[in-house]
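Content type mmCIF, C-alpha atoms and all ligand atoms, from the file query-v3.cif:
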data_start
#
loop_
_atom_site.label_atom_id
_atom_site.label_comp_id
_atom_site.auth_asym_id
_atom_site.auth_seq_id
_atom_site.Cartn_x
_atom_site.Cartn_y
_atom_site.Cartn_z
CA MET A 40 212.22 -86.07 58.75
CA ALA A 41 209.49 -87.41 56.47
CA ASP A 42 206.51 -86.66 58.64
CA GLN A 43 207.74 -83.52 60.34
CA TRP A 44 204.80 -81.09 60.66
CA GLN A 45 202.26 -83.88 60.04
CA ARG A 46 200.76 -83.35 63.49
CA GLU A 47 200.43 -79.62 62.78
CA TYR A 48 198.88 -80.35 59.36
CA ASP A 49 196.28 -82.78 60.74
CA PHE A 50 195.41 -80.49 63.61
CA ALA A 51 195.09 -77.46 61.31
CA GLU A 52 192.43 -79.27 59.30
CA LYS A 53 190.44 -80.02 62.47
CA VAL A 54 190.71 -76.41 63.63
CA ALA A 55 189.66 -75.08 60.21
CA ARG A 56 186.58 -77.31 60.27
CA LYS A 57 185.66 -76.19 63.77
CA ALA A 58 186.14 -72.53 62.74
CA GLY A 59 183.94 -73.07 59.68
CA GLU A 60 181.18 -74.53 61.83
CA GLU A 61 181.33 -71.44 64.06
CA ILE A 62 181.06 -69.19 61.00
CA ARG A 63 178.10 -71.13 59.60
CA LYS A 64 176.29 -70.94 62.95
CA ALA A 65 177.07 -67.24 63.35
CA GLY A 66 175.67 -66.56 59.87
CA GLU A 67 172.28 -67.86 61.00
CA SER A 68 171.87 -65.16 63.67
CA GLU A 69 172.13 -61.40 63.46
CA ILE A 70 175.56 -60.16 62.35
CA ARG A 71 176.79 -56.91 63.89
CA VAL A 72 179.03 -55.14 61.43
CA MET A 73 181.90 -52.82 62.33
CA THR A 74 184.46 -51.12 60.10
CA LYS A 75 188.25 -51.04 60.17
CA SER A 76 190.20 -48.67 57.89
CA CYS A 77 187.21 -47.26 55.98
CA THR A 78 183.44 -47.69 55.50
CA VAL A 79 183.81 -50.65 53.11
CA ASP A 80 186.45 -52.50 55.17
CA LEU A 81 184.15 -54.66 57.29
CA VAL A 82 184.78 -56.76 60.36
CA THR A 83 182.39 -58.63 62.67
CA LYS A 84 182.56 -60.15 66.15
CA THR A 85 182.73 -63.50 64.33
CA ASP A 86 186.06 -62.59 62.65
CA GLU A 87 187.54 -61.72 66.05
CA ARG A 88 186.03 -64.65 67.93
CA VAL A 89 186.98 -67.25 65.31
CA GLU A 90 190.56 -65.97 65.19
CA LYS A 91 190.73 -66.32 68.98
CA ILE A 92 189.36 -69.87 68.75
CA ILE A 93 191.93 -70.84 66.09
CA ILE A 94 194.95 -69.31 67.83
CA GLY A 95 193.77 -70.54 71.26
CA SER A 96 193.37 -74.12 69.98
CA LEU A 97 196.81 -74.07 68.32
CA LYS A 98 198.49 -72.72 71.46
CA GLN A 99 196.75 -75.33 73.59
CA GLU A 100 197.82 -78.16 71.29
CA PHE A 101 201.41 -77.09 70.60
CA GLY A 102 202.26 -75.12 73.75
CA GLU A 103 202.42 -71.41 74.44
CA GLY A 104 205.48 -69.74 72.91
CA THR A 105 206.60 -72.52 70.55
CA HIS A 106 205.03 -71.03 67.42
CA CYS A 107 204.47 -67.49 66.08
CA PHE A 108 201.15 -66.22 64.74
CA ILE A 109 200.16 -63.74 62.05
CA GLY A 110 196.37 -63.36 62.15
CA GLU A 111 194.33 -60.77 60.26
CA GLU A 112 192.47 -59.50 63.32
CA SER A 113 195.50 -59.58 65.63
CA VAL A 114 197.45 -57.48 63.12
CA ALA A 115 194.47 -55.11 62.84
CA LYS A 116 194.76 -54.66 66.61
CA GLY A 117 198.44 -53.73 66.33
CA GLU A 118 200.36 -57.02 66.49
CA ALA A 119 203.45 -57.43 64.32
CA CYS A 120 203.17 -58.79 60.79
CA ILE A 121 206.73 -60.00 60.30
CA LEU A 122 207.61 -63.42 58.95
CA THR A 123 210.69 -64.85 60.69
CA ASP A 124 212.42 -68.25 60.43
CA LYS A 125 210.38 -69.54 63.38
CA PRO A 126 207.43 -71.87 62.80
CA THR A 127 204.61 -69.41 62.03
CA TRP A 128 200.87 -69.81 61.54
CA ILE A 129 199.33 -67.35 59.05
CA ILE A 130 195.59 -67.10 59.61
CA ASP A 131 192.57 -65.46 58.06
CA PRO A 132 189.63 -66.55 60.23
CA VAL A 133 186.96 -65.25 57.84
CA ASP A 134 188.17 -64.62 54.32
CA GLY A 135 185.33 -62.90 52.52
CA THR A 136 183.95 -60.91 55.43
CA THR A 137 181.84 -58.77 53.08
CA ASN A 138 180.33 -61.96 51.63
CA PHE A 139 179.66 -63.24 55.16
CA VAL A 140 177.87 -60.02 56.12
CA HIS A 141 175.69 -60.11 52.99
CA GLY A 142 175.05 -63.85 52.89
CA PHE A 143 176.91 -64.16 49.57
CA PRO A 144 177.79 -67.83 49.71
CA PHE A 145 181.62 -67.89 49.57
CA VAL A 146 183.41 -67.58 52.90
CA ALA A 147 186.63 -69.37 53.79
CA VAL A 148 188.85 -70.11 56.75
CA SER A 149 192.49 -69.90 55.68
CA ILE A 150 195.30 -71.41 57.75
CA ALA A 151 198.91 -71.74 56.56
CA PHE A 152 202.10 -72.82 58.29
CA ALA A 153 205.58 -71.57 57.41
CA VAL A 154 209.01 -72.57 58.69
CA ASN A 155 212.23 -70.76 57.71
CA LYS A 156 209.97 -68.40 55.74
CA GLU A 157 208.85 -71.30 53.53
CA LEU A 158 205.24 -72.40 53.41
CA GLU A 159 204.91 -76.02 54.55
CA PHE A 160 201.16 -76.48 54.18
CA GLY A 161 197.89 -74.67 53.64
CA ILE A 162 194.25 -75.37 54.52
CA VAL A 163 191.33 -73.46 53.00
CA TYR A 164 187.93 -74.47 54.29
CA SER A 165 185.20 -72.97 52.10
CA CYS A 166 182.71 -73.42 54.89
CA LEU A 167 179.39 -72.58 53.22
CA GLU A 168 180.11 -74.98 50.36
CA ASP A 169 181.64 -77.46 52.84
CA LYS A 170 184.77 -77.85 50.71
CA MET A 171 188.00 -78.64 52.52
CA TYR A 172 190.99 -77.75 50.35
CA LYS A 173 194.42 -78.71 51.62
CA ALA A 174 197.98 -79.19 50.46
CA ARG A 175 201.31 -80.01 51.98
CA LYS A 176 204.62 -79.23 50.28
CA GLY A 177 205.50 -82.08 47.91
CA GLN A 178 202.33 -84.08 48.54
CA GLY A 179 199.71 -82.79 46.09
CA ALA A 180 196.57 -80.73 46.61
CA PHE A 181 193.16 -82.04 47.62
CA CYS A 182 189.53 -80.96 47.84
CA ASN A 183 187.48 -83.12 50.21
CA ASP A 184 190.29 -85.71 49.96
CA GLU A 185 190.21 -85.89 46.16
CA LEU A 186 193.32 -84.91 44.23
CA ILE A 187 192.92 -81.60 42.35
CA GLN A 188 194.86 -80.19 39.40
CA VAL A 189 195.05 -76.89 37.58
CA SER A 190 193.53 -76.62 34.11
CA ASP A 191 195.68 -77.41 31.05
CA VAL A 192 194.36 -74.48 28.98
CA LYS A 193 197.19 -72.51 27.36
CA GLU A 194 195.18 -70.21 25.11
CA ILE A 195 194.27 -67.03 26.91
CA LYS A 196 191.16 -66.73 24.70
CA LYS A 197 189.85 -69.95 26.25
CA SER A 198 190.44 -68.85 29.85
CA ILE A 199 188.47 -67.50 32.79
CA ILE A 200 190.41 -65.01 34.90
CA ILE A 201 189.66 -63.83 38.44
CA SER A 202 190.51 -60.52 39.99
CA GLU A 203 189.03 -58.48 42.83
CA HIS A 204 188.97 -54.78 43.63
CA GLY A 205 189.80 -54.67 47.35
CA VAL A 206 188.64 -51.97 49.74
CA ASP A 207 190.65 -48.96 48.57
CA ARG A 208 188.15 -46.95 46.50
CA SER A 209 190.35 -44.00 45.55
CA PRO A 210 189.40 -43.24 41.93
CA GLU A 211 193.02 -43.52 40.68
CA LYS A 212 193.35 -47.07 42.03
CA VAL A 213 189.89 -48.12 40.91
CA ASN A 214 190.69 -46.73 37.42
CA LYS A 215 193.86 -48.81 37.21
CA ILE A 216 192.08 -51.95 38.37
CA PHE A 217 189.23 -51.50 35.88
CA SER A 218 191.60 -50.54 33.06
CA THR A 219 193.48 -53.82 33.64
CA MET A 220 190.19 -55.75 33.74
CA GLN A 221 188.99 -54.06 30.55
CA LYS A 222 192.18 -54.99 28.69
CA ILE A 223 191.95 -58.61 29.82
CA LEU A 224 188.24 -58.84 29.04
CA CYS A 225 188.85 -57.47 25.54
CA ILE A 226 191.61 -59.95 24.62
CA PRO A 227 188.93 -61.48 24.75
CA VAL A 228 188.90 -64.10 27.51
CA HIS A 229 185.90 -66.36 28.11
CA GLY A 230 185.09 -64.49 31.31
CA LEU A 231 186.12 -62.50 34.34
CA ARG A 232 185.03 -63.65 37.79
CA GLY A 233 185.57 -63.06 41.49
CA SER A 234 184.20 -65.00 44.46
CA GLY A 235 184.96 -62.24 47.00
CA THR A 236 187.43 -64.40 48.88
CA ALA A 237 191.04 -64.60 47.80
CA ALA A 238 191.53 -67.97 49.47
CA THR A 239 188.62 -69.48 47.51
CA ASN A 240 189.78 -67.78 44.31
CA MET A 241 193.13 -69.53 44.65
CA CYS A 242 191.38 -72.87 45.18
CA LEU A 243 189.40 -72.24 41.98
CA VAL A 244 192.74 -71.90 40.15
CA ALA A 245 194.01 -75.05 41.88
CA SER A 246 190.96 -77.09 40.93
CA GLY A 247 190.96 -75.99 37.28
CA ALA A 248 187.71 -73.98 37.33
CA VAL A 249 189.59 -70.83 36.28
CA GLU A 250 193.02 -70.30 34.75
CA ALA A 251 194.35 -67.44 36.89
CA PHE A 252 193.72 -65.08 39.78
CA PHE A 253 195.70 -61.92 40.47
CA GLU A 254 195.35 -59.05 42.87
CA ILE A 255 197.32 -56.08 44.15
CA GLY A 256 196.49 -55.06 47.72
CA ILE A 257 195.89 -58.54 49.02
CA HIS A 258 197.38 -59.51 52.41
CA CYS A 259 199.57 -62.46 53.38
CA TRP A 260 196.76 -64.14 55.38
CA ASP A 261 194.44 -64.05 52.33
CA ILE A 262 196.86 -66.01 50.13
CA ALA A 263 199.37 -68.01 52.24
CA ALA A 264 197.33 -71.23 52.39
CA GLY A 265 196.09 -70.86 48.81
CA ALA A 266 199.68 -70.43 47.63
CA VAL A 267 200.60 -73.96 48.72
CA ILE A 268 197.37 -75.37 47.28
CA VAL A 269 197.92 -73.75 43.85
CA GLN A 270 201.53 -74.91 43.64
CA GLU A 271 200.75 -78.43 44.74
CA ALA A 272 197.97 -78.58 42.14
CA GLY A 273 200.60 -77.88 39.45
CA GLY A 274 200.11 -74.12 39.18
CA LEU A 275 202.52 -71.27 39.67
CA LEU A 276 202.81 -68.10 41.70
CA LEU A 277 204.46 -64.93 40.52
CA ASP A 278 204.67 -61.28 41.35
CA VAL A 279 202.30 -59.19 39.20
CA ASP A 280 205.33 -57.96 37.18
CA GLY A 281 206.53 -61.52 36.48
CA GLY A 282 209.23 -61.51 39.19
CA PRO A 283 209.36 -64.00 42.04
CA PHE A 284 206.35 -64.25 44.36
CA ASP A 285 206.84 -62.53 47.71
CA LEU A 286 204.22 -63.41 50.34
CA MET A 287 204.56 -60.09 52.17
CA SER A 288 204.48 -57.83 49.08
CA ARG A 289 200.66 -57.66 48.75
CA ARG A 290 201.05 -58.51 45.04
CA MET A 291 200.13 -61.92 43.71
CA LEU A 292 199.39 -63.73 40.49
CA SER A 293 198.49 -67.40 40.54
CA ALA A 294 198.01 -69.27 37.28
CA ASN A 295 197.70 -72.72 35.78
CA ASN A 296 200.83 -72.25 33.63
CA ASP A 297 203.43 -69.68 32.57
CA VAL A 298 201.84 -69.02 29.15
CA ILE A 299 198.61 -67.76 30.75
CA ALA A 300 200.54 -66.02 33.53
CA HIS A 301 202.75 -63.99 31.20
CA ARG A 302 199.90 -63.06 28.88
CA ILE A 303 198.05 -61.54 31.85
CA ILE A 304 201.14 -59.84 33.25
CA LYS A 305 201.37 -57.88 29.96
CA GLU A 306 198.04 -56.23 30.80
CA ILE A 307 198.38 -55.55 34.54
CA GLU A 308 198.65 -51.89 35.50
CA VAL A 309 200.63 -51.96 38.70
CA PHE A 310 200.00 -49.41 41.46
CA PRO A 311 201.95 -48.98 44.70
CA VAL A 312 200.89 -50.65 47.95
CA GLU A 313 202.65 -50.76 51.29
CA ARG A 314 204.12 -54.17 52.16
CA ASP A 315 202.51 -56.20 54.95
CA ASP A 316 205.82 -56.13 56.85
CA ALA A 317 206.46 -52.40 56.34
CA PRO A 318 207.41 -50.72 59.63
CA THR A 319 204.66 -48.14 59.19
CA HIS A 320 202.11 -50.78 58.26
CA ARG A 321 198.50 -49.69 58.11
CA ILE A 322 195.71 -52.00 56.99
CA TYR A 323 193.62 -50.82 54.11
N1 LIG B 1 192.93 -53.85 50.94
C1 LIG B 1 192.63 -54.95 50.28
N2 LIG B 1 192.87 -55.01 48.98
C2 LIG B 1 192.56 -56.11 48.31
N3 LIG B 1 192.00 -57.19 48.85
C3 LIG B 1 191.73 -57.20 50.14
C4 LIG B 1 192.01 -56.07 50.92
N4 LIG B 1 191.64 -56.33 52.17
C5 LIG B 1 191.15 -57.57 52.18
N5 LIG B 1 191.17 -58.12 50.96
C6 LIG B 1 190.74 -59.47 50.61
O1 LIG B 1 190.50 -59.58 49.21
C7 LIG B 1 189.34 -60.37 48.94
C8 LIG B 1 188.30 -59.49 48.30
O2 LIG B 1 188.94 -58.54 47.52
C9 LIG B 1 189.01 -60.97 50.25
O3 LIG B 1 189.78 -62.14 50.33
C10 LIG B 1 189.47 -59.94 51.27
O4 LIG B 1 189.79 -60.52 52.52
P1 LIG B 1 188.90 -60.36 53.87
O5 LIG B 1 187.51 -60.70 53.54
O6 LIG B 1 189.56 -61.32 54.81
O7 LIG B 1 189.09 -58.92 54.30
MG MG B 2 191.06 -62.20 53.89
#

Would you mind giving the structure from this file in structure tokens?
Amino acid sequence: MADQWQREYDFAEKVARKAGEEIRKAGESEIRVMTKSCTVDLVTKTDERVEKIIIGSLKQEFGEGTHCFIGEESVAKGEACILTDKPTWIIDPVDGTTNFVHGFPFVAVSIAFAVNKELEFGIVYSCLEDKMYKARKGQGAFCNDELIQVSDVKEIKKSIIISEHGVDRSPEKVNKIFSTMQKILCIPVHGLRGSGTAATNMCLVASGAVEAFFEIGIHCWDIAAGAVIVQEAGGLLLDVDGGPFDLMSRRMLSANNDVIAHRIIKEIEVFPVERDDAPTHRIY
């Protein structure tokens, strides 16, 4: 059916905008910060409240029990993080919580929808910049309703690459992350960047501002919506070892093309992380 999921897609955009408005308003008053797995893994009442608003609105619109939900804060409170064949919303209410707490101006709402374990569409609302990124499978990617495309740069020495360092600060992991960054920086590339939100980072790949973004330790809700946007903008998604992308693996490389992707993969020092859908799942 040509316009199957169109109603969900249109509604998701409205909900993302409403969530973004809530985040903007909340950022103007005092933000009470709490921690989750460790002292640098931050969460606020806004994360929890906005997730409730998003899931509540979706349930009200589409009926209780018809869809499944994977939301960052619900999973943090012990709900399952398993992707089944059922229509499933994958939600990060505030991607870039650390940025939000500090007033660093990149914070995004990320909402994706999957059916039969395939992503149908993704919405990333970068709410402080007021940029609405969206893409639906087979229909192109857009920022504020204008078509976006990945960059056509093929020379790694003319690229900007994004990576982040996550919240796990064990020296062995930090060493691996910085060793990878050092090798990439010394190729040399034009620059290394990071906006502090994975969802926005993926939109920067999709809109051609950078050539690639990779991270190990990322969660499915950080990247599900961005994954559709990158692919629909002509980019590709891979595992950090060059294998197929797996949404639940917590390993992701998005790039404008396979030349850039494989040049970066040569430099990535992989370290183990527990899958999002591991039975013993712990967030960190
Ligand atoms: N353990 C982890 N490792 C790596 N990235 C993580 C992470 N936990 C969260 N992130 C996400 O990675 C980016 C910064 O590294 C943000 O998008 C952040 O999402 P969050 O703000 O929703 O927690
Ligand atoms: Mg996130």

query = Quick one: residues within 8 Å of A:Ile303, only C-alpha atoms counted, chain neighbours fewer than 4 positions away excluded, as a PyMOL selection string?
reply = chain A and resi 223+299+307

request  = Set the cut-off to 7 Å, count only C-alpha atoms and all ligand atoms, and list whatever residues fall near ligand MG 2 (chain B) as number ranges by chain.
outcome  = A: 131, 133-135, 236-237, 260-261

Polymer residues at most 7 Å from stretch 93-98 of chain A, only C-alpha atoms, same-chain spacing of 5 or more positions, as a compact mmCIF listing (two decimals) with C-alpha atoms, in the frame of the given file:
# COMPACT_ATOMS: atom_id res chain seq x y z
CA VAL A 54 190.71 -76.41 63.63
CA ALA A 58 186.14 -72.53 62.74
CA GLU A 103 202.42 -71.41 74.44

How big is the axis-aligned box around all listed atoms of ligand LIG 1 (chain B) once 4 Å goes on each side, and where's its centre, in Å to one decimal, as JSON?
{"center_x": 190.2, "center_y": -58.0, "center_z": 51.2, "size_x": 13.4, "size_y": 16.3, "size_z": 15.3}

request  = Enumerate residues in contact with ligand LIG 1 (chain B): an atom-to-atom distance of at most 8 Å, counting all atoms listed in the file. Format the result as a PyMOL selection string.
outcome  = chain A and resi 80-82+111+131-138+202-207+234-239+254-258+260-261+322-323

task = Could you give me, as a ChimeraX atom specification, the residues within 10 Å of stretch 184-197 of chain A, counting only C-alpha atoms and dropping anything in the same chain fewer than 4 positions from it?
result = /A:170-174,179-180,223-230,242-251,268-275,294-303

note = A:Ser113 proximity check over A:Lys176, A:Lys222, A:Arg208, A:Arg88, using all atoms listed in the file: winner is A:Arg88

Could you pull the residues within 10 Å of A:Ile162, counting only C-alpha atoms, minus those fewer than 4 positions along the same chain, as a compact mmCIF listing (two decimals) with C-alpha atoms, in the coordinates of the input?
# COMPACT_ATOMS: atom_id res chain seq x y z
CA TYR A 48 198.88 -80.35 59.36
CA ASP A 49 196.28 -82.78 60.74
CA ALA A 51 195.09 -77.46 61.31
CA GLU A 52 192.43 -79.27 59.30
CA LYS A 53 190.44 -80.02 62.47
CA VAL A 54 190.71 -76.41 63.63
CA ALA A 55 189.66 -75.08 60.21
CA ARG A 56 186.58 -77.31 60.27
CA ILE A 130 195.59 -67.10 59.61
CA ALA A 147 186.63 -69.37 53.79
CA VAL A 148 188.85 -70.11 56.75
CA SER A 149 192.49 -69.90 55.68
CA ILE A 150 195.30 -71.41 57.75
CA ALA A 151 198.91 -71.74 56.56
CA PHE A 152 202.10 -72.82 58.29
CA MET A 171 188.00 -78.64 52.52
CA TYR A 172 190.99 -77.75 50.35
CA LYS A 173 194.42 -78.71 51.62
CA ALA A 174 197.98 -79.19 50.46
CA ARG A 175 201.31 -80.01 51.98
CA ALA A 180 196.57 -80.73 46.61
CA PHE A 181 193.16 -82.04 47.62
CA CYS A 182 189.53 -80.96 47.84
CA ALA A 238 191.53 -67.97 49.47
CA ALA A 263 199.37 -68.01 52.24
CA ALA A 264 197.33 -71.23 52.39
CA GLY A 265 196.09 -70.86 48.81
CA VAL A 267 200.60 -73.96 48.72
CA ILE A 268 197.37 -75.37 47.28
